[in-house]
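Note: the block below is upload16.pdb and it holds PDB, C-alpha atoms.
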MODEL        1
ATOM      1  CA  MET A   1      60.102 126.533-215.191  1.00  0.00           C
ATOM      2  CA  PRO A   2      62.242 129.692-215.385  1.00  0.00           C
ATOM      3  CA  SER A   3      66.003 129.536-215.016  1.00  0.00           C
ATOM      4  CA  PHE A   4      69.062 131.772-215.259  1.00  0.00           C
ATOM      5  CA  HIS A   5      72.818 131.290-215.343  1.00  0.00           C
ATOM      6  CA  ASN A   6      75.223 132.133-212.555  1.00  0.00           C
ATOM      7  CA  GLY A   7      78.412 131.890-214.553  1.00  0.00           C
ATOM      8  CA  ALA A   8      78.219 128.573-216.389  1.00  0.00           C
ATOM      9  CA  VAL A   9      75.727 127.006-213.974  1.00  0.00           C
ATOM     10  CA  GLU A  10      72.032 126.986-214.838  1.00  0.00           C
ATOM     11  CA  ILE A  11      69.811 127.562-211.803  1.00  0.00           C
ATOM     12  CA  ALA A  12      66.105 126.715-211.989  1.00  0.00           C
ATOM     13  CA  TYR A  13      63.646 128.586-209.799  1.00  0.00           C
ATOM     14  CA  LEU A  14      60.013 129.461-209.221  1.00  0.00           C
ATOM     15  CA  ASP A  15      58.679 132.961-208.613  1.00  0.00           C
ATOM     16  CA  GLU A  16      55.042 133.214-207.557  1.00  0.00           C
ATOM     17  CA  GLY A  17      52.771 135.616-205.741  1.00  0.00           C
ATOM     18  CA  GLU A  18      53.027 139.297-204.890  1.00  0.00           C
ATOM     19  CA  GLY A  19      54.212 141.232-201.861  1.00  0.00           C
ATOM     20  CA  ASP A  20      57.382 141.242-199.792  1.00  0.00           C
ATOM     21  CA  PRO A  21      59.755 138.621-201.186  1.00  0.00           C
ATOM     22  CA  ILE A  22      60.833 135.508-199.321  1.00  0.00           C
ATOM     23  CA  ILE A  23      63.428 133.162-200.791  1.00  0.00           C
ATOM     24  CA  LEU A  24      63.326 129.458-199.932  1.00  0.00           C
ATOM     25  CA  VAL A  25      66.524 127.373-200.011  1.00  0.00           C
ATOM     26  CA  HIS A  26      66.049 123.617-199.823  1.00  0.00           C
ATOM     27  CA  GLY A  27      68.090 120.924-198.127  1.00  0.00           C
ATOM     28  CA  PHE A  28      70.588 118.346-199.348  1.00  0.00           C
ATOM     29  CA  ALA A  29      69.222 115.771-201.837  1.00  0.00           C
ATOM     30  CA  SER A  30      65.902 117.648-201.942  1.00  0.00           C
ATOM     31  CA  SER A  31      64.502 120.232-204.385  1.00  0.00           C
ATOM     32  CA  LYS A  32      62.272 123.283-204.419  1.00  0.00           C
ATOM     33  CA  ASN A  33      59.273 121.046-205.073  1.00  0.00           C
ATOM     34  CA  VAL A  34      59.999 118.379-202.461  1.00  0.00           C
ATOM     35  CA  ASN A  35      61.034 120.831-199.741  1.00  0.00           C
ATOM     36  CA  TRP A  36      58.649 123.721-200.356  1.00  0.00           C
ATOM     37  CA  VAL A  37      55.898 123.080-202.940  1.00  0.00           C
ATOM     38  CA  TYR A  38      54.602 119.660-201.860  1.00  0.00           C
ATOM     39  CA  PRO A  39      54.501 120.543-198.111  1.00  0.00           C
ATOM     40  CA  THR A  40      52.404 123.624-199.135  1.00  0.00           C
ATOM     41  CA  TRP A  41      54.908 126.250-197.982  1.00  0.00           C
ATOM     42  CA  VAL A  42      54.676 128.067-201.310  1.00  0.00           C
ATOM     43  CA  SER A  43      50.880 128.158-201.437  1.00  0.00           C
ATOM     44  CA  GLU A  44      50.516 129.192-197.797  1.00  0.00           C
ATOM     45  CA  LEU A  45      53.098 131.954-198.012  1.00  0.00           C
ATOM     46  CA  LYS A  46      51.352 133.268-201.135  1.00  0.00           C
ATOM     47  CA  LYS A  47      48.047 133.280-199.270  1.00  0.00           C
ATOM     48  CA  ALA A  48      49.775 135.312-196.561  1.00  0.00           C
ATOM     49  CA  GLY A  49      50.565 137.983-199.150  1.00  0.00           C
ATOM     50  CA  ARG A  50      54.167 137.106-199.929  1.00  0.00           C
ATOM     51  CA  ARG A  51      56.096 136.866-203.166  1.00  0.00           C
ATOM     52  CA  VAL A  52      57.652 133.401-202.946  1.00  0.00           C
ATOM     53  CA  ILE A  53      60.887 132.516-204.747  1.00  0.00           C
ATOM     54  CA  ALA A  54      62.478 129.077-204.468  1.00  0.00           C
ATOM     55  CA  LEU A  55      65.511 127.756-206.305  1.00  0.00           C
ATOM     56  CA  ASP A  56      66.868 124.317-207.052  1.00  0.00           C
ATOM     57  CA  ASN A  57      70.379 124.333-205.618  1.00  0.00           C
ATOM     58  CA  ARG A  58      73.172 123.469-208.030  1.00  0.00           C
ATOM     59  CA  GLY A  59      73.365 119.697-208.401  1.00  0.00           C
ATOM     60  CA  HIS A  60      69.700 119.311-207.449  1.00  0.00           C
ATOM     61  CA  GLY A  61      66.302 119.272-209.134  1.00  0.00           C
ATOM     62  CA  ASP A  62      66.232 121.001-212.501  1.00  0.00           C
ATOM     63  CA  SER A  63      69.447 122.978-211.956  1.00  0.00           C
ATOM     64  CA  GLY A  64      72.809 122.172-213.515  1.00  0.00           C
ATOM     65  CA  LYS A  65      74.652 119.053-212.343  1.00  0.00           C
ATOM     66  CA  LEU A  66      78.339 119.374-211.475  1.00  0.00           C
ATOM     67  CA  TYR A  67      80.743 116.612-210.476  1.00  0.00           C
ATOM     68  CA  ASP A  68      83.661 118.625-209.070  1.00  0.00           C
ATOM     69  CA  ALA A  69      83.342 118.938-205.290  1.00  0.00           C
ATOM     70  CA  ALA A  70      84.998 122.381-205.395  1.00  0.00           C
ATOM     71  CA  GLN A  71      81.952 123.707-207.259  1.00  0.00           C
ATOM     72  CA  TYR A  72      79.851 123.047-204.160  1.00  0.00           C
ATOM     73  CA  GLU A  73      81.832 124.982-201.560  1.00  0.00           C
ATOM     74  CA  ILE A  74      79.209 126.429-199.219  1.00  0.00           C
ATOM     75  CA  SER A  75      79.931 130.082-200.064  1.00  0.00           C
ATOM     76  CA  VAL A  76      79.774 129.233-203.792  1.00  0.00           C
ATOM     77  CA  MET A  77      76.349 127.666-203.305  1.00  0.00           C
ATOM     78  CA  ALA A  78      75.213 130.632-201.224  1.00  0.00           C
ATOM     79  CA  ASP A  79      76.276 132.963-204.028  1.00  0.00           C
ATOM     80  CA  ASP A  80      73.648 131.346-206.259  1.00  0.00           C
ATOM     81  CA  VAL A  81      71.014 132.878-203.988  1.00  0.00           C
ATOM     82  CA  ILE A  82      72.508 136.362-204.330  1.00  0.00           C
ATOM     83  CA  ALA A  83      72.781 135.848-208.096  1.00  0.00           C
ATOM     84  CA  LEU A  84      69.093 134.924-208.197  1.00  0.00           C
ATOM     85  CA  MET A  85      68.191 138.054-206.238  1.00  0.00           C
ATOM     86  CA  ASP A  86      70.244 140.131-208.664  1.00  0.00           C
ATOM     87  CA  HIS A  87      68.599 138.394-211.631  1.00  0.00           C
ATOM     88  CA  LEU A  88      65.166 139.293-210.236  1.00  0.00           C
ATOM     89  CA  ALA A  89      66.277 142.794-209.161  1.00  0.00           C
ATOM     90  CA  ILE A  90      65.486 142.085-205.498  1.00  0.00           C
ATOM     91  CA  ASP A  91      67.577 144.235-203.184  1.00  0.00           C
ATOM     92  CA  ARG A  92      66.520 142.639-199.906  1.00  0.00           C
ATOM     93  CA  ALA A  93      64.442 139.634-198.853  1.00  0.00           C
ATOM     94  CA  ASP A  94      63.622 137.268-196.036  1.00  0.00           C
ATOM     95  CA  VAL A  95      65.482 134.003-196.625  1.00  0.00           C
ATOM     96  CA  MET A  96      64.417 130.632-195.219  1.00  0.00           C
ATOM     97  CA  GLY A  97      66.611 127.587-195.554  1.00  0.00           C
ATOM     98  CA  TYR A  98      66.326 123.997-194.450  1.00  0.00           C
ATOM     99  CA  SER A  99      69.326 121.870-193.435  1.00  0.00           C
ATOM    100  CA  LEU A 100      71.987 122.492-196.126  1.00  0.00           C
ATOM    101  CA  GLY A 101      69.844 125.431-197.253  1.00  0.00           C
ATOM    102  CA  SER A 102      70.086 126.853-193.741  1.00  0.00           C
ATOM    103  CA  ARG A 103      73.851 126.541-193.798  1.00  0.00           C
ATOM    104  CA  MET A 104      73.786 128.555-197.037  1.00  0.00           C
ATOM    105  CA  THR A 105      71.407 131.064-195.446  1.00  0.00           C
ATOM    106  CA  ALA A 106      73.690 131.470-192.432  1.00  0.00           C
ATOM    107  CA  VAL A 107      76.598 132.239-194.763  1.00  0.00           C
ATOM    108  CA  LEU A 108      74.465 134.908-196.456  1.00  0.00           C
ATOM    109  CA  ALA A 109      73.417 136.362-193.103  1.00  0.00           C
ATOM    110  CA  ARG A 110      77.063 136.624-192.090  1.00  0.00           C
ATOM    111  CA  ASN A 111      78.548 137.811-195.395  1.00  0.00           C
ATOM    112  CA  ALA A 112      75.735 139.804-197.049  1.00  0.00           C
ATOM    113  CA  PRO A 113      73.510 141.111-194.209  1.00  0.00           C
ATOM    114  CA  GLN A 114      72.440 144.089-196.296  1.00  0.00           C
ATOM    115  CA  ARG A 115      70.553 141.686-198.589  1.00  0.00           C
ATOM    116  CA  LEU A 116      68.627 139.873-195.837  1.00  0.00           C
ATOM    117  CA  ARG A 117      65.588 141.210-194.028  1.00  0.00           C
ATOM    118  CA  SER A 118      65.766 138.116-191.820  1.00  0.00           C
ATOM    119  CA  ALA A 119      67.137 134.568-191.811  1.00  0.00           C
ATOM    120  CA  ILE A 120      65.112 131.482-190.907  1.00  0.00           C
ATOM    121  CA  LEU A 121      67.312 128.477-190.199  1.00  0.00           C
ATOM    122  CA  GLY A 122      65.181 125.340-190.382  1.00  0.00           C
ATOM    123  CA  GLY A 123      66.603 121.903-189.673  1.00  0.00           C
ATOM    124  CA  ILE A 124      69.962 123.155-188.363  1.00  0.00           C
ATOM    125  CA  GLY A 125      71.113 123.748-184.808  1.00  0.00           C
ATOM    126  CA  ILE A 126      74.567 123.670-183.298  1.00  0.00           C
ATOM    127  CA  GLY A 127      75.493 121.290-186.109  1.00  0.00           C
ATOM    128  CA  LEU A 128      76.072 124.469-188.125  1.00  0.00           C
ATOM    129  CA  ILE A 129      79.241 124.894-186.053  1.00  0.00           C
ATOM    130  CA  GLU A 130      80.011 121.468-184.645  1.00  0.00           C
ATOM    131  CA  GLY A 131      78.981 119.270-187.566  1.00  0.00           C
ATOM    132  CA  GLY A 132      77.298 115.906-187.220  1.00  0.00           C
ATOM    133  CA  GLY A 133      75.236 115.833-190.397  1.00  0.00           C
ATOM    134  CA  PRO A 134      75.663 113.451-193.337  1.00  0.00           C
ATOM    135  CA  GLY A 135      79.308 112.608-194.024  1.00  0.00           C
ATOM    136  CA  GLU A 136      81.429 110.352-196.182  1.00  0.00           C
ATOM    137  CA  ASN A 137      79.208 107.395-195.277  1.00  0.00           C
ATOM    138  CA  VAL A 138      76.351 109.112-197.116  1.00  0.00           C
ATOM    139  CA  ALA A 139      78.525 110.015-200.119  1.00  0.00           C
ATOM    140  CA  GLU A 140      79.576 106.370-200.397  1.00  0.00           C
ATOM    141  CA  ALA A 141      75.956 105.257-200.080  1.00  0.00           C
ATOM    142  CA  LEU A 142      75.000 107.541-202.940  1.00  0.00           C
ATOM    143  CA  GLU A 143      77.737 106.024-205.097  1.00  0.00           C
ATOM    144  CA  ALA A 144      76.877 102.401-204.254  1.00  0.00           C
ATOM    145  CA  PRO A 145      75.485 100.251-207.084  1.00  0.00           C
ATOM    146  CA  SER A 146      72.111  99.881-205.334  1.00  0.00           C
ATOM    147  CA  LEU A 147      70.307 100.523-202.057  1.00  0.00           C
ATOM    148  CA  GLU A 148      70.771  96.846-201.187  1.00  0.00           C
ATOM    149  CA  ASP A 149      74.532  97.408-201.168  1.00  0.00           C
ATOM    150  CA  VAL A 150      74.279 100.073-198.412  1.00  0.00           C
ATOM    151  CA  THR A 151      74.518  98.850-194.817  1.00  0.00           C
ATOM    152  CA  ASP A 152      75.071 102.159-193.004  1.00  0.00           C
ATOM    153  CA  PRO A 153      71.656 103.233-191.614  1.00  0.00           C
ATOM    154  CA  VAL A 154      72.102 106.964-192.239  1.00  0.00           C
ATOM    155  CA  GLY A 155      73.512 106.237-195.673  1.00  0.00           C
ATOM    156  CA  ARG A 156      70.492 104.049-196.451  1.00  0.00           C
ATOM    157  CA  THR A 157      68.103 106.839-195.453  1.00  0.00           C
ATOM    158  CA  PHE A 158      69.714 109.387-197.770  1.00  0.00           C
ATOM    159  CA  ARG A 159      70.206 106.868-200.591  1.00  0.00           C
ATOM    160  CA  ALA A 160      66.538 105.875-200.442  1.00  0.00           C
ATOM    161  CA  PHE A 161      65.525 109.543-200.458  1.00  0.00           C
ATOM    162  CA  ALA A 162      67.771 110.262-203.456  1.00  0.00           C
ATOM    163  CA  ASP A 163      66.336 107.282-205.311  1.00  0.00           C
ATOM    164  CA  GLN A 164      62.803 108.386-204.472  1.00  0.00           C
ATOM    165  CA  THR A 165      63.440 111.889-205.851  1.00  0.00           C
ATOM    166  CA  ARG A 166      65.310 110.468-208.886  1.00  0.00           C
ATOM    167  CA  SER A 167      68.279 112.661-208.113  1.00  0.00           C
ATOM    168  CA  ASP A 168      71.662 112.650-209.826  1.00  0.00           C
ATOM    169  CA  ARG A 169      73.465 110.686-207.125  1.00  0.00           C
ATOM    170  CA  ARG A 170      76.957 111.418-208.424  1.00  0.00           C
ATOM    171  CA  ALA A 171      76.265 115.165-208.309  1.00  0.00           C
ATOM    172  CA  LEU A 172      74.896 114.798-204.775  1.00  0.00           C
ATOM    173  CA  ALA A 173      78.019 112.949-203.635  1.00  0.00           C
ATOM    174  CA  ALA A 174      80.168 115.765-205.031  1.00  0.00           C
ATOM    175  CA  CYS A 175      77.927 118.327-203.312  1.00  0.00           C
ATOM    176  CA  LEU A 176      78.224 116.544-199.987  1.00  0.00           C
ATOM    177  CA  ARG A 177      82.002 116.427-200.186  1.00  0.00           C
ATOM    178  CA  GLY A 178      82.311 120.036-201.327  1.00  0.00           C
ATOM    179  CA  SER A 179      79.915 121.714-198.902  1.00  0.00           C
ATOM    180  CA  ARG A 180      81.300 120.317-195.650  1.00  0.00           C
ATOM    181  CA  ARG A 181      82.947 123.463-194.328  1.00  0.00           C
ATOM    182  CA  LEU A 182      81.436 124.347-190.980  1.00  0.00           C
ATOM    183  CA  MET A 183      80.783 127.872-189.788  1.00  0.00           C
ATOM    184  CA  MET A 184      83.215 129.100-187.151  1.00  0.00           C
ATOM    185  CA  ARG A 185      81.642 129.993-183.826  1.00  0.00           C
ATOM    186  CA  GLU A 186      82.989 133.550-184.220  1.00  0.00           C
ATOM    187  CA  GLU A 187      81.319 133.817-187.633  1.00  0.00           C
ATOM    188  CA  ALA A 188      77.948 132.717-186.251  1.00  0.00           C
ATOM    189  CA  ALA A 189      78.330 135.131-183.343  1.00  0.00           C
ATOM    190  CA  GLY A 190      78.776 137.916-185.918  1.00  0.00           C
ATOM    191  CA  ILE A 191      75.378 137.362-187.558  1.00  0.00           C
ATOM    192  CA  ALA A 192      73.437 140.577-187.016  1.00  0.00           C
ATOM    193  CA  VAL A 193      70.172 140.061-188.946  1.00  0.00           C
ATOM    194  CA  PRO A 194      67.035 138.792-187.153  1.00  0.00           C
ATOM    195  CA  VAL A 195      67.223 134.985-186.943  1.00  0.00           C
ATOM    196  CA  LEU A 196      64.712 132.224-186.229  1.00  0.00           C
ATOM    197  CA  ILE A 197      66.097 128.725-185.579  1.00  0.00           C
ATOM    198  CA  ALA A 198      63.494 125.962-186.069  1.00  0.00           C
ATOM    199  CA  VAL A 199      64.400 122.328-185.361  1.00  0.00           C
ATOM    200  CA  GLY A 200      62.375 119.179-184.689  1.00  0.00           C
ATOM    201  CA  SER A 201      62.648 117.937-181.114  1.00  0.00           C
ATOM    202  CA  ASN A 202      63.578 114.452-182.421  1.00  0.00           C
ATOM    203  CA  ASP A 203      66.062 115.725-185.015  1.00  0.00           C
ATOM    204  CA  GLU A 204      69.337 113.850-184.495  1.00  0.00           C
ATOM    205  CA  ILE A 205      71.023 115.447-187.519  1.00  0.00           C
ATOM    206  CA  ALA A 206      70.644 119.186-186.846  1.00  0.00           C
ATOM    207  CA  GLY A 207      72.061 119.411-183.340  1.00  0.00           C
ATOM    208  CA  SER A 208      70.618 121.555-180.567  1.00  0.00           C
ATOM    209  CA  ALA A 209      68.623 124.608-181.651  1.00  0.00           C
ATOM    210  CA  ALA A 210      68.984 126.147-178.202  1.00  0.00           C
ATOM    211  CA  ALA A 211      72.776 125.798-178.304  1.00  0.00           C
ATOM    212  CA  LEU A 212      72.941 127.624-181.638  1.00  0.00           C
ATOM    213  CA  GLY A 213      70.541 130.231-180.296  1.00  0.00           C
ATOM    214  CA  GLU A 214      73.046 130.994-177.555  1.00  0.00           C
ATOM    215  CA  VAL A 215      75.714 131.737-180.168  1.00  0.00           C
ATOM    216  CA  ILE A 216      73.753 133.956-182.582  1.00  0.00           C
ATOM    217  CA  PRO A 217      72.870 137.254-180.868  1.00  0.00           C
ATOM    218  CA  GLY A 218      69.130 137.767-180.404  1.00  0.00           C
ATOM    219  CA  ALA A 219      68.166 134.565-182.221  1.00  0.00           C
ATOM    220  CA  GLN A 220      64.718 133.131-181.528  1.00  0.00           C
ATOM    221  CA  VAL A 221      64.355 129.374-181.144  1.00  0.00           C
ATOM    222  CA  LEU A 222      61.350 127.320-182.250  1.00  0.00           C
ATOM    223  CA  ASP A 223      61.109 123.683-181.168  1.00  0.00           C
ATOM    224  CA  ILE A 224      58.973 121.541-183.498  1.00  0.00           C
ATOM    225  CA  PRO A 225      57.536 118.857-181.191  1.00  0.00           C
ATOM    226  CA  ASN A 226      57.927 115.153-181.955  1.00  0.00           C
ATOM    227  CA  ARG A 227      59.435 115.666-185.404  1.00  0.00           C
ATOM    228  CA  ASP A 228      62.689 114.325-186.806  1.00  0.00           C
ATOM    229  CA  HIS A 229      64.817 115.878-189.560  1.00  0.00           C
ATOM    230  CA  MET A 230      62.680 114.593-192.421  1.00  0.00           C
ATOM    231  CA  ARG A 231      59.229 115.062-190.867  1.00  0.00           C
ATOM    232  CA  ALA A 232      59.628 118.574-189.461  1.00  0.00           C
ATOM    233  CA  VAL A 233      59.532 120.250-192.879  1.00  0.00           C
ATOM    234  CA  GLY A 234      55.765 120.469-193.320  1.00  0.00           C
ATOM    235  CA  ASP A 235      54.779 120.636-189.663  1.00  0.00           C
ATOM    236  CA  LYS A 236      52.049 123.075-188.645  1.00  0.00           C
ATOM    237  CA  VAL A 237      53.989 124.325-185.598  1.00  0.00           C
ATOM    238  CA  TYR A 238      56.872 125.201-187.910  1.00  0.00           C
ATOM    239  CA  LYS A 239      54.593 127.082-190.289  1.00  0.00           C
ATOM    240  CA  VAL A 240      52.778 128.997-187.543  1.00  0.00           C
ATOM    241  CA  GLY A 241      56.075 129.921-185.909  1.00  0.00           C
ATOM    242  CA  VAL A 242      57.518 131.193-189.178  1.00  0.00           C
ATOM    243  CA  ALA A 243      54.369 133.212-189.921  1.00  0.00           C
ATOM    244  CA  ASP A 244      54.567 134.838-186.475  1.00  0.00           C
ATOM    245  CA  PHE A 245      58.271 135.594-186.892  1.00  0.00           C
ATOM    246  CA  LEU A 246      57.765 137.140-190.339  1.00  0.00           C
ATOM    247  CA  SER A 247      54.842 139.258-189.133  1.00  0.00           C
ATOM    248  CA  ARG A 248      57.172 141.001-186.674  1.00  0.00           C
ATOM    249  CA  ARG A 249      59.884 141.896-189.212  1.00  0.00           C
ATOM    250  CA  GLN A 250      60.334 145.444-190.428  1.00  0.00           C
TER
ENDMDL
END

C-alpha cells encoding of this file:
Amino acid sequence: MPSFHNGAVEIAYLDEGEGDPIILVHGFASSKNVNWVYPTWVSELKKAGRRVIALDNRGHGDSGKLYDAAQYEISVMADDVIALMDHLAIDRADVMGYSLGSRMTAVLARNAPQRLRSAILGGIGIGLIEGGGPGENVAEALEAPSLEDVTDPVGRTFRAFADQTRSDRRALAACLRGSRRLMMREEAAGIAVPVLIAVGSNDEIAGSAAALGEVIPGAQVLDIPNRDHMRAVGDKVYKVGVADFLSRRQ
C-alpha cells in the first residue's frame, strides 16, 4: 500500500483507475477499506471511469498514530487531503467524505475551493454546525479496559466498531477530542463549490440533511431511505445519487 509523509505523519492511501479523480475521505474509527473498498465504492467508481483515491486518516488504518489531541484539529486533518493531492500532482478533484470525513471535506470546500470540483457530504447534516455526534462518552468508551466495561449505548457502538476493525483506540480517543470544532454557520454559508448532502433517513448522529442544505447555497440533498449512520454507507440509493450528481459536474 503506497504512503507519503505530510510533515512527520505517514499517510497511507490507495490510487486506482483512470479518469477524473475523486478522493474519498472516511469516517471516524473507520478506514479506506471499511468505508470505501468493502462497500464496493472503489470498484464501482472505477467502472464508471474515475480515478479513485482514498486515504487512511491520521490515527486510522495504516496511517500514523498520534496521541496528542492537537494533532487532530479538523483543519489539520483536512490538510492531509491537500497534501495527498499535492503528492499526486492533482490540481482539482471531486471529494467525497463520510461523517468525520465530510466535516474535513466541508473545511476544504470552505478554505480551498479552487482544489475542489465538488464536495459530497455523506453522513453529516446540520450536525456539521450544531454538533450532536460522538462526544466524550465515546472517547471514554474507547479508553475503557473492555467492551463489557462500557454502559453508554453510543459508546458501546463505537467501541465495538473499533474493536471489530482492530483500531488503535488511544489514537481514536485523541482524534475524537481534537477534531470537535464545529463549523460556524457563516462558514458553511460561504461554501461556493457544488455540494451534495447525503444522509440516511434514520441517521440520529448526522442531524438533518435538509437543514444543512438550507445553509449551504445551492446544495442538493439526498435522503437515503431507512438507513442509519452505519448502514447508509453502502446503500444503492446513495451510490446512484452520487453517480447522478457527479455526471452533472463540469

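Here CA of Ile191 in chain A stands at a distance of 22.3 Å from CA of Ile205 in chain A.
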
Going by the chain IDs and residue numbers used in this file, which residues fall under the PyMOL selection byres ((chain A and resi 140-152) around 12)? Write them as a tab-separated table (two decimals) with C-alpha atoms, in the frame of the given file.
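Writing done, so here's result_17.tsv:
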chain	number	residue	atom	x	y	z
A	29	ALA	CA	69.22	115.77	-201.84
A	134	PRO	CA	75.66	113.45	-193.34
A	135	GLY	CA	79.31	112.61	-194.02
A	136	GLU	CA	81.43	110.35	-196.18
A	137	ASN	CA	79.21	107.40	-195.28
A	138	VAL	CA	76.35	109.11	-197.12
A	139	ALA	CA	78.53	110.02	-200.12
A	153	PRO	CA	71.66	103.23	-191.61
A	154	VAL	CA	72.10	106.96	-192.24
A	155	GLY	CA	73.51	106.24	-195.67
A	156	ARG	CA	70.49	104.05	-196.45
A	157	THR	CA	68.10	106.84	-195.45
A	158	PHE	CA	69.71	109.39	-197.77
A	159	ARG	CA	70.21	106.87	-200.59
A	160	ALA	CA	66.54	105.88	-200.44
A	161	PHE	CA	65.53	109.54	-200.46
A	162	ALA	CA	67.77	110.26	-203.46
A	163	ASP	CA	66.34	107.28	-205.31
A	164	GLN	CA	62.80	108.39	-204.47
A	166	ARG	CA	65.31	110.47	-208.89
A	167	SER	CA	68.28	112.66	-208.11
A	168	ASP	CA	71.66	112.65	-209.83
A	169	ARG	CA	73.46	110.69	-207.12
A	170	ARG	CA	76.96	111.42	-208.42
A	171	ALA	CA	76.26	115.16	-208.31
A	172	LEU	CA	74.90	114.80	-204.78
A	173	ALA	CA	78.02	112.95	-203.64
A	174	ALA	CA	80.17	115.76	-205.03
A	175	CYS	CA	77.93	118.33	-203.31
A	176	LEU	CA	78.22	116.54	-199.99
A	177	ARG	CA	82.00	116.43	-200.19

Name the residues captured by the PyMOL selection byres ((chain A and resi 94-102) around 8) when it is applied to the shown file; answer as an mmCIF file with C-alpha atoms, in the frame of the given file.
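Written out: part-v2.cif:
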data_model
loop_
_atom_site.group_PDB
_atom_site.id
_atom_site.type_symbol
_atom_site.label_atom_id
_atom_site.label_comp_id
_atom_site.auth_asym_id
_atom_site.auth_seq_id
_atom_site.Cartn_x
_atom_site.Cartn_y
_atom_site.Cartn_z
ATOM 1 C CA PRO A 21 59.755 138.621 -201.186
ATOM 2 C CA ILE A 22 60.833 135.508 -199.321
ATOM 3 C CA ILE A 23 63.428 133.162 -200.791
ATOM 4 C CA LEU A 24 63.326 129.458 -199.932
ATOM 5 C CA VAL A 25 66.524 127.373 -200.011
ATOM 6 C CA HIS A 26 66.049 123.617 -199.823
ATOM 7 C CA GLY A 27 68.090 120.924 -198.127
ATOM 8 C CA PHE A 28 70.588 118.346 -199.348
ATOM 9 C CA ARG A 92 66.520 142.639 -199.906
ATOM 10 C CA ALA A 93 64.442 139.634 -198.853
ATOM 11 C CA ARG A 103 73.851 126.541 -193.798
ATOM 12 C CA MET A 104 73.786 128.555 -197.037
ATOM 13 C CA THR A 105 71.407 131.064 -195.446
ATOM 14 C CA ALA A 106 73.690 131.470 -192.432
ATOM 15 C CA LEU A 116 68.627 139.873 -195.837
ATOM 16 C CA ARG A 117 65.588 141.210 -194.028
ATOM 17 C CA SER A 118 65.766 138.116 -191.820
ATOM 18 C CA ALA A 119 67.137 134.568 -191.811
ATOM 19 C CA ILE A 120 65.112 131.482 -190.907
ATOM 20 C CA LEU A 121 67.312 128.477 -190.199
ATOM 21 C CA GLY A 122 65.181 125.340 -190.382
ATOM 22 C CA GLY A 123 66.603 121.903 -189.673
ATOM 23 C CA ILE A 124 69.962 123.155 -188.363
ATOM 24 C CA ALA A 206 70.644 119.186 -186.846
ATOM 25 C CA VAL A 233 59.532 120.250 -192.879
#

- On this file, the PyMOL selection byres ((chain A and resi 60) around 7) gives some set of residues; write that set as a PyMOL selection string. chain A and resi 29-31+56-59+61-63+65+167

- Measure the distance from CA of Thr40 in chain A to CA of Phe245 in chain A in Å and round it to one decimal. 18.1 Å

- If you count all atoms listed in the file, which residues fall within 9 Å of Glu204 in chain A, apart from same-chain ones fewer than 5 positions away, as a ChimeraX atom specification? /A:132-133,228-229

- Work out how far CA of Ile216 in chain A is from CA of Leu196 in chain A, in Å to one decimal. 9.9 Å

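The protein and nucleic acid residues lying at most 6 Å from Arg51 in chain A are Glu16, Gly17, Glu18, Gly19, Asp20 and Pro21 of chain A, with only C-alpha atoms considered and sequence neighbours fewer than 5 positions away removed.
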
Keeping only C-alpha atoms, write the selected residues as a PDB file, in the coordinates of the input.
ATOM      1  CA  GLU A  16      55.042 133.214-207.557  1.00  0.00           C
ATOM      2  CA  GLY A  17      52.771 135.616-205.741  1.00  0.00           C
ATOM      3  CA  GLU A  18      53.027 139.297-204.890  1.00  0.00           C
ATOM      4  CA  GLY A  19      54.212 141.232-201.861  1.00  0.00           C
ATOM      5  CA  ASP A  20      57.382 141.242-199.792  1.00  0.00           C
ATOM      6  CA  PRO A  21      59.755 138.621-201.186  1.00  0.00           C
TER       7      PRO A  21
END

All file atoms of range 65-75 of chain A boxed axis-aligned, 5 Å per side, centre plus edges, as lines of an AutoDock Vina configuration file:
center_x = 79.8
center_y = 123.3
center_z = -205.8
size_x = 20.3
size_y = 23.5
size_z = 23.1

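Closest approach to Ala83 in chain A among A:Asn33, A:Ser3, A:Ser247, A:Ser208: A:Ser3, based on all atoms listed in the file.
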
- Contact residues around Arg231 in chain A with only C-alpha atoms at 10 Å, ignoring same-chain residues under 5 positions, as a PyMOL selection string: chain A and resi 200+202-203+224+226
